[in-house]
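Undergrad: Quick one, upload14.txt (compact mmCIF, C-alpha atoms):
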```
# COMPACT_ATOMS: atom_id res chain seq x y z
CA MET A 1 82.56 96.50 101.87
CA ASP A 2 81.29 93.18 103.20
CA GLU A 3 78.26 94.90 104.64
CA CYS A 4 77.08 95.84 101.16
CA LYS A 5 77.85 92.58 99.45
CA SER A 6 74.34 91.63 98.39
CA LEU A 7 73.58 95.12 97.08
CA LYS A 8 76.88 95.08 95.24
CA ASN A 9 76.13 91.71 93.64
CA LYS A 10 72.73 92.86 92.45
CA TYR A 11 74.15 96.02 90.98
CA ASP A 12 77.17 94.32 89.37
CA LYS A 13 74.92 91.85 87.65
CA CYS A 14 72.81 94.64 86.19
CA PHE A 15 75.85 96.72 85.24
CA ASN A 16 77.62 93.88 83.44
CA VAL A 17 74.67 93.21 81.18
CA TRP A 18 74.10 96.91 80.56
CA PHE A 19 77.77 97.52 79.83
CA ARG A 20 78.08 94.67 77.35
CA ASP A 21 74.70 94.82 75.65
CA LYS A 22 73.86 98.49 75.80
CA PHE A 23 76.73 100.85 76.50
CA LEU A 24 79.35 99.25 74.26
CA LYS A 25 76.74 99.10 71.55
CA GLY A 26 76.07 102.81 71.64
CA SER A 27 73.31 103.33 74.19
CA ASN A 28 73.88 106.00 76.81
CA ASP A 29 70.78 105.41 78.85
CA ASP A 30 72.02 104.09 82.18
CA SER A 31 68.70 104.38 84.00
CA VAL A 32 68.13 100.63 84.07
CA CYS A 33 70.66 100.11 86.91
CA SER A 34 70.46 103.53 88.53
CA GLU A 35 68.22 102.50 91.42
CA LEU A 36 70.45 99.54 92.25
CA LEU A 37 73.51 101.77 92.02
CA LYS A 38 71.98 104.29 94.36
CA ASN A 39 71.12 101.67 96.99
CA TYR A 40 74.54 100.14 96.72
CA THR A 41 76.59 103.35 96.89
CA SER A 42 74.50 104.69 99.79
CA CYS A 43 75.39 101.52 101.67
CA VAL A 44 79.09 101.93 100.88
CA LYS A 45 79.09 105.56 101.95
CA LYS A 46 77.31 104.70 105.18
CA VAL A 47 79.87 102.03 106.00
CA MET A 48 82.70 104.39 105.14
CA LYS A 49 81.29 106.88 107.56
CA GLU A 50 80.88 104.29 110.31
CA LYS A 51 84.39 103.01 109.79
CA ASP A 52 85.69 106.52 109.64
CA ILE A 53 87.12 106.01 106.20
CA ASP A 54 87.94 109.48 105.08
CA ILE A 55 89.11 109.88 101.57
CA GLY A 56 89.76 113.54 102.14
CA GLU A 57 90.81 114.99 98.88
CA PHE A 58 88.39 112.82 96.98
CA ARG A 59 85.75 114.61 94.98
CA PRO A 60 83.91 113.23 92.02
CA PHE A 61 85.41 114.11 88.70
CA SER A 62 87.77 116.78 89.74
CA PRO A 63 88.38 119.00 86.74
CA LYS A 64 91.97 117.88 86.45
CA ILE A 65 90.91 114.32 85.82
CA SER A 66 90.48 114.30 82.12
CA PHE A 67 91.85 112.40 79.22
CA ASN A 68 94.68 114.81 78.72
CA TYR A 69 95.64 115.43 82.29
CA GLU A 70 99.32 115.16 83.05
CA PRO A 71 100.98 116.15 86.27
CA PRO A 72 103.35 119.10 86.41
CA LYS A 73 106.72 118.01 85.16
CA ASP A 74 108.71 120.58 87.08
CA LYS A 75 108.12 122.29 90.29
CA MET T 1 106.23 89.93 75.60
CA LEU T 2 103.20 90.62 73.55
CA SER T 3 100.89 88.15 72.34
CA PRO T 4 97.49 86.98 71.58
CA CYS T 5 94.81 88.85 70.99
CA VAL T 6 92.54 90.45 73.35
CA ARG T 7 90.40 93.01 71.68
CA TRP T 8 89.81 96.36 73.30
CA ASP T 9 86.17 95.61 74.11
CA GLN T 10 87.24 92.39 75.81
CA VAL T 11 89.86 94.23 77.83
CA VAL T 12 87.43 96.87 79.06
CA HIS T 13 84.89 94.24 79.91
CA GLY T 14 87.53 92.33 81.82
CA PHE T 15 88.60 95.55 83.53
CA TRP T 16 85.49 95.46 85.72
CA HIS T 17 86.22 91.85 86.64
CA ARG T 18 89.83 92.16 87.65
CA TYR T 19 89.20 91.05 91.22
CA PRO T 20 89.50 88.58 92.73
CA ASN T 21 92.41 86.91 90.99
CA PRO T 22 95.30 84.80 92.28
CA GLU T 23 97.54 87.88 92.46
CA SER T 24 95.09 90.00 94.38
CA LYS T 25 95.10 88.49 97.85
CA HIS T 26 96.08 91.90 99.23
CA VAL T 27 92.88 93.44 97.88
CA LEU T 28 90.34 93.48 100.68
CA SER T 29 87.42 95.27 99.09
CA GLU T 30 86.31 96.76 95.81
CA ASP T 31 83.40 99.16 95.58
CA VAL T 32 81.81 101.58 93.19
CA LEU T 33 81.43 105.07 94.69
CA HIS T 34 80.06 106.84 91.68
CA ARG T 35 79.23 106.09 88.10
CA GLU T 36 77.58 108.07 85.36
CA VAL T 37 77.56 108.64 81.63
CA ILE T 38 78.73 112.13 80.73
CA GLU T 39 78.87 113.15 77.08
CA ASN T 40 78.75 109.54 75.92
CA LYS T 41 81.64 108.56 78.15
CA LEU T 42 81.37 106.29 81.15
CA HIS T 43 82.90 107.88 84.24
CA SER T 44 83.47 105.62 87.22
CA ILE T 45 84.99 106.08 90.63
CA ARG T 46 85.86 103.00 92.61
CA LEU T 47 87.35 102.52 96.03
CA PHE T 48 89.68 99.68 96.92
CA THR T 49 91.11 98.77 100.27
CA LYS T 50 94.34 96.84 100.31
CA THR T 51 96.62 95.54 103.01
CA ASN T 52 99.47 97.86 103.70
CA LYS T 53 102.85 96.46 104.52
CA LEU T 54 105.31 99.16 105.36
CA PRO T 55 108.99 99.32 106.10
CA LYS T 56 109.87 100.26 109.69
CA TRP T 57 110.58 103.90 108.91
CA GLY T 58 107.20 104.19 107.25
CA GLU T 59 105.42 103.34 110.46
CA ARG T 60 106.57 106.64 111.90
CA PHE T 61 104.35 108.45 109.44
CA ILE T 62 101.54 106.08 108.78
CA GLN T 63 99.57 104.15 111.33
CA SER T 64 96.76 102.74 109.32
CA LYS T 65 96.60 98.99 108.77
CA ASP T 66 95.24 99.15 105.29
CA VAL T 67 95.44 101.53 102.41
CA LYS T 68 92.66 103.09 100.39
CA ILE T 69 92.99 103.40 96.67
CA VAL T 70 90.72 105.50 94.49
CA GLU T 71 90.41 104.62 90.83
CA GLU T 72 88.84 107.13 88.48
CA SER T 73 88.22 106.02 84.95
CA ILE T 74 86.85 107.45 81.76
CA LEU T 75 85.76 105.05 79.07
CA ASP T 76 85.09 106.36 75.60
CA PRO T 77 83.38 103.67 73.51
CA SER T 78 83.55 105.57 70.23
CA GLU T 79 87.24 106.44 70.45
CA LYS T 80 87.88 103.09 72.09
CA THR T 81 89.95 104.39 74.94
CA LEU T 82 89.88 103.66 78.64
CA VAL T 83 91.88 106.07 80.78
CA THR T 84 92.34 105.23 84.43
CA TYR T 85 93.84 107.24 87.26
CA THR T 86 94.61 105.29 90.37
CA ARG T 87 95.90 106.94 93.52
CA ASN T 88 96.24 106.33 97.20
CA VAL T 89 94.29 108.49 99.60
CA GLY T 90 94.58 109.10 103.31
CA TYR T 91 98.28 109.69 103.55
CA ALA T 92 98.91 111.27 100.21
CA SER T 93 101.01 114.02 101.78
CA VAL T 94 103.52 111.44 102.96
CA MET T 95 103.54 109.53 99.76
CA GLY T 96 101.08 110.13 96.96
CA VAL T 97 101.30 107.69 94.11
CA THR T 98 99.20 108.23 91.01
CA GLU T 99 99.18 105.83 88.12
CA LYS T 100 97.68 106.63 84.76
CA VAL T 101 96.93 103.87 82.30
CA ILE T 102 95.54 104.31 78.81
CA TYR T 103 94.07 101.20 77.26
CA LYS T 104 93.61 101.61 73.55
CA VAL T 105 93.48 99.68 70.32
CA ASN T 106 96.89 98.68 69.07
CA GLU T 107 97.24 100.56 65.79
CA GLU T 108 99.66 98.02 64.43
CA ASN T 109 97.27 95.19 65.10
CA PRO T 110 93.71 96.32 65.80
CA SER T 111 92.64 92.99 67.25
CA THR T 112 94.99 93.61 70.18
CA THR T 113 95.17 96.20 72.91
CA VAL T 114 97.91 98.45 74.19
CA ALA T 115 98.23 99.65 77.77
CA GLU T 116 100.33 102.75 78.33
CA ARG T 117 101.34 103.29 81.91
CA SER T 118 102.82 106.29 83.64
CA VAL T 119 103.26 107.04 87.29
CA TRP T 120 104.05 109.99 89.46
CA ILE T 121 104.94 110.14 93.09
CA GLU T 122 104.65 113.07 95.44
CA SER T 123 105.86 113.58 98.95
CA ASN T 124 105.89 116.56 101.25
CA VAL T 125 107.90 115.10 104.08
CA TYR T 126 110.87 117.37 104.29
CA GLY T 127 114.19 115.66 103.83
CA MET T 128 112.62 112.28 103.40
CA SER T 129 111.22 112.78 99.96
CA LYS T 130 113.87 111.03 98.03
CA ALA T 131 113.83 107.90 100.13
CA ILE T 132 110.06 107.88 100.15
CA GLN T 133 109.89 108.33 96.42
CA ALA T 134 112.42 105.60 95.84
CA PHE T 135 110.42 103.34 98.07
CA GLY T 136 107.23 104.34 96.30
CA MET T 137 108.74 103.61 92.93
CA GLN T 138 109.92 100.20 94.04
CA ARG T 139 106.54 99.41 95.56
CA PHE T 140 104.84 100.63 92.42
CA LYS T 141 106.90 98.35 90.18
CA VAL T 142 106.11 95.31 92.29
CA ASN T 143 102.41 96.11 92.54
CA SER T 144 102.15 97.02 88.91
CA ALA T 145 103.67 93.72 87.81
CA LYS T 146 101.22 91.93 90.11
CA ALA T 147 98.29 93.88 88.74
CA VAL T 148 99.22 93.12 85.15
CA LYS T 149 99.66 89.43 85.91
CA GLY T 150 96.35 89.32 87.73
CA PHE T 151 94.52 91.17 84.99
CA ASN T 152 95.97 88.81 82.40
CA HIS T 153 94.83 85.86 84.46
CA VAL T 154 91.30 87.25 84.44
CA LEU T 155 91.36 87.93 80.70
CA ASN T 156 92.68 84.44 80.19
CA SER T 157 89.89 82.81 82.09
CA MET T 158 87.27 85.00 80.45
CA TYR T 159 88.40 84.59 76.88
CA GLY T 160 90.25 81.33 77.07
CA THR T 161 93.34 82.49 75.27
CA ASN T 162 96.16 80.09 75.65
CA THR T 163 98.78 82.07 77.48
CA SER T 164 99.14 80.24 80.72
CA SER T 165 102.91 80.43 80.61
CA SER T 166 104.40 83.12 82.77
CA SER T 167 105.76 84.90 79.73
CA GLY T 168 102.34 85.17 78.20
CA VAL T 169 101.26 88.74 78.44
CA LEU T 170 97.96 89.52 76.88
CA LEU T 171 98.21 93.21 76.99
CA HIS T 172 101.02 94.76 75.14
CA GLN T 173 102.50 96.89 77.86
CA LYS T 174 104.18 100.08 76.88
CA GLU T 175 105.95 100.80 80.08
CA LYS T 176 106.85 104.38 80.48
CA LEU T 177 108.84 103.80 83.60
CA LYS T 178 112.44 104.64 83.66
CA ASP T 179 114.88 105.53 86.29
CA ALA T 180 114.03 109.15 86.73
CA LEU T 181 115.21 109.18 90.30
CA LYS T 182 118.81 109.47 89.27
CA GLN T 183 118.35 112.32 86.90
CA SER T 184 116.07 114.43 89.00
CA ASN T 185 117.29 117.10 91.34
CA TYR T 186 114.28 117.86 93.46
CA LYS T 187 114.13 118.07 97.20
CA THR T 188 110.46 117.91 97.84
CA GLY T 189 107.64 117.92 95.43
CA SER T 190 106.60 115.72 92.63
CA LEU T 191 108.34 113.11 90.66
CA TYR T 192 107.05 112.32 87.27
CA VAL T 193 108.15 109.25 85.43
CA GLN T 194 107.32 108.77 81.84
```
Step by step, read the file and then write its structure as structure tokens.
TA:
Amino acid sequence: MDECKSLKNKYDKCFNVWFRDKFLKGSNDDSVCSELLKNYTSCVKKVMKEKDIDIGEFRPFSPKISFNYEPPKDK
Amino acid sequence: MLSPCVRWDQVVHGFWHRYPNPESKHVLSEDVLHREVIENKLHSIRLFTKTNKLPKWGERFIQSKDVKIVEESILDPSEKTLVTYTRNVGYASVMGVTEKVIYKVNEENPSTTVAERSVWIESNVYGMSKAIQAFGMQRFKVNSAKAVKGFNHVLNSMYGTNTSSSSGVLLHQKEKLKDALKQSNYKTGSLYVQ
């Protein structure tokens, strides 16, 4: 969302360094960017609300989203 | 088809930098909705908005000018896998398209990466399902080719591999698409292509 551009840029910058230098090297501590992420995603959610962007069936990490999930092959 | 040499860690790094690229002019926005590490795996949910060009008959069902895409991904750094689920939201009952891609180390050549793609399409519009699914499949193939080309462009510019020719594909694509439309005998419901 354009409205959240600067927050996004700040967060992306933090994430990229964390991802490359920490996460891929075995660290799971993601607290370093968590504040920036929170500010950024709150902005996105606010804009979505204002623009009436409804992603209805969306819910974080629905149980069916997992490595092994496959859709039903027959109905 | 296949070619040089993008390691898995380079691919997953590039994955977060896919946009913008010359093939992505239809992508209007890209945002993170949620991200957290669960059991050593990085879970991310991103939202994309894209322009939505529809055939005439589609306008009867769908008014919106752009389309929202949700991408859920699970990245396992120890197993070296990235699994992504990408689906449209908002009019999923008319035509729901979900794409699953697994990016993993190519066992035959560990310095390269394999992407396994599968797609399924669902529609609940009575009597129209087949046409909608055929349309969805066609649209998927076009978009998928674009996405792969764009992603390769990004990997190219990040890692400077020399594959600027159009035949240069960095990721070894294991397409699981085949013409399942012909062999299926559904009326409504889901179509799964592997």
Undergrad: For Val17 of chain A, which residue among A:Val32, A:Cys4, A:Leu37, A:Cys43 is the nearest when counting all atoms listed in the file?
TA: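 Using all atoms listed in the file, the shortest distance to Val17 of chain A belongs to A:Val32.
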Undergrad: Which value, in Å to one decimal, gives the distance between atom CA of Ser44 of chain T and atom CA of Asn109 of chain T?
TA: 28.1 Å
Undergrad: Within 12 Å of Asn16 of chain A, counting all atoms listed in the file, which residues qualify if same-chain residues fewer than 2 places away don't, as an MDAnalysis selection string?
TA: (chainID A and resid 8:14 18:24 30 32:33) or (chainID T and resid 12:17)
Undergrad: Any idea what the distance is between atom CA of Lys68 of chain T and atom CA of Lys149 of chain T?
TA: 21.1 Å
Undergrad: Just want the 10 Å neighbourhood of segment 142-146 of chain T, counted on only C-alpha atoms, with same-chain residues fewer than 6 positions away dropped. Output as an MDAnalysis selection string.
TA: chainID T and resid 22:24 99 117 136 152
Undergrad: Which residue is closest to chain T? Choose from A:Asp52, A:Gly26, A:Leu36, A:Lys46 and count all atoms listed in the file.
TA: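 Closest candidate: A:Gly26.
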Undergrad: In the coordinates of the file, take the point (96.8, 89.3, 97.3) and a cut-off of 10 Å; then, counting only C-alpha atoms, name each qualifying protein, DNA or RNA residue as an NGL selection string.
TA: :T and (19-28 or 50-51 or 146-147 or 150)
Undergrad: For chain T, list the residues within 8 Å of chain A, counting only C-alpha atoms, and write the list as number ranges by chain.
TA: T: 9, 13, 29-34, 36-37, 40, 45, 68, 72, 74, 77, 83, 85, 89-90, 120, 189-192
Undergrad: If you measure from atom CA of Arg46 of chain T to atom CA of Arg18 of chain T, what distance in Å do you get, rounded to one decimal?
TA: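 Result for atom CA of Arg46 of chain T versus atom CA of Arg18 of chain T: 12.6 Å, one decimal.
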Undergrad: Skipping near chain neighbours, those fewer than 4 positions away, what residues fall within 6 Å of Val70 of chain T using all atoms listed in the file, listed as number ranges by chain?
TA: T: 46-47, 86-87
Undergrad: Please write the residues from the selection above to a file, keeping C-alpha atoms, as a compact mmCIF listing (two decimals), in the frame of the given file.
TA:
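Below is the file again_5.txt, written as the result:
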```
# COMPACT_ATOMS: atom_id res chain seq x y z
CA ARG T 46 85.86 103.00 92.61
CA LEU T 47 87.35 102.52 96.03
CA THR T 86 94.61 105.29 90.37
CA ARG T 87 95.90 106.94 93.52
```
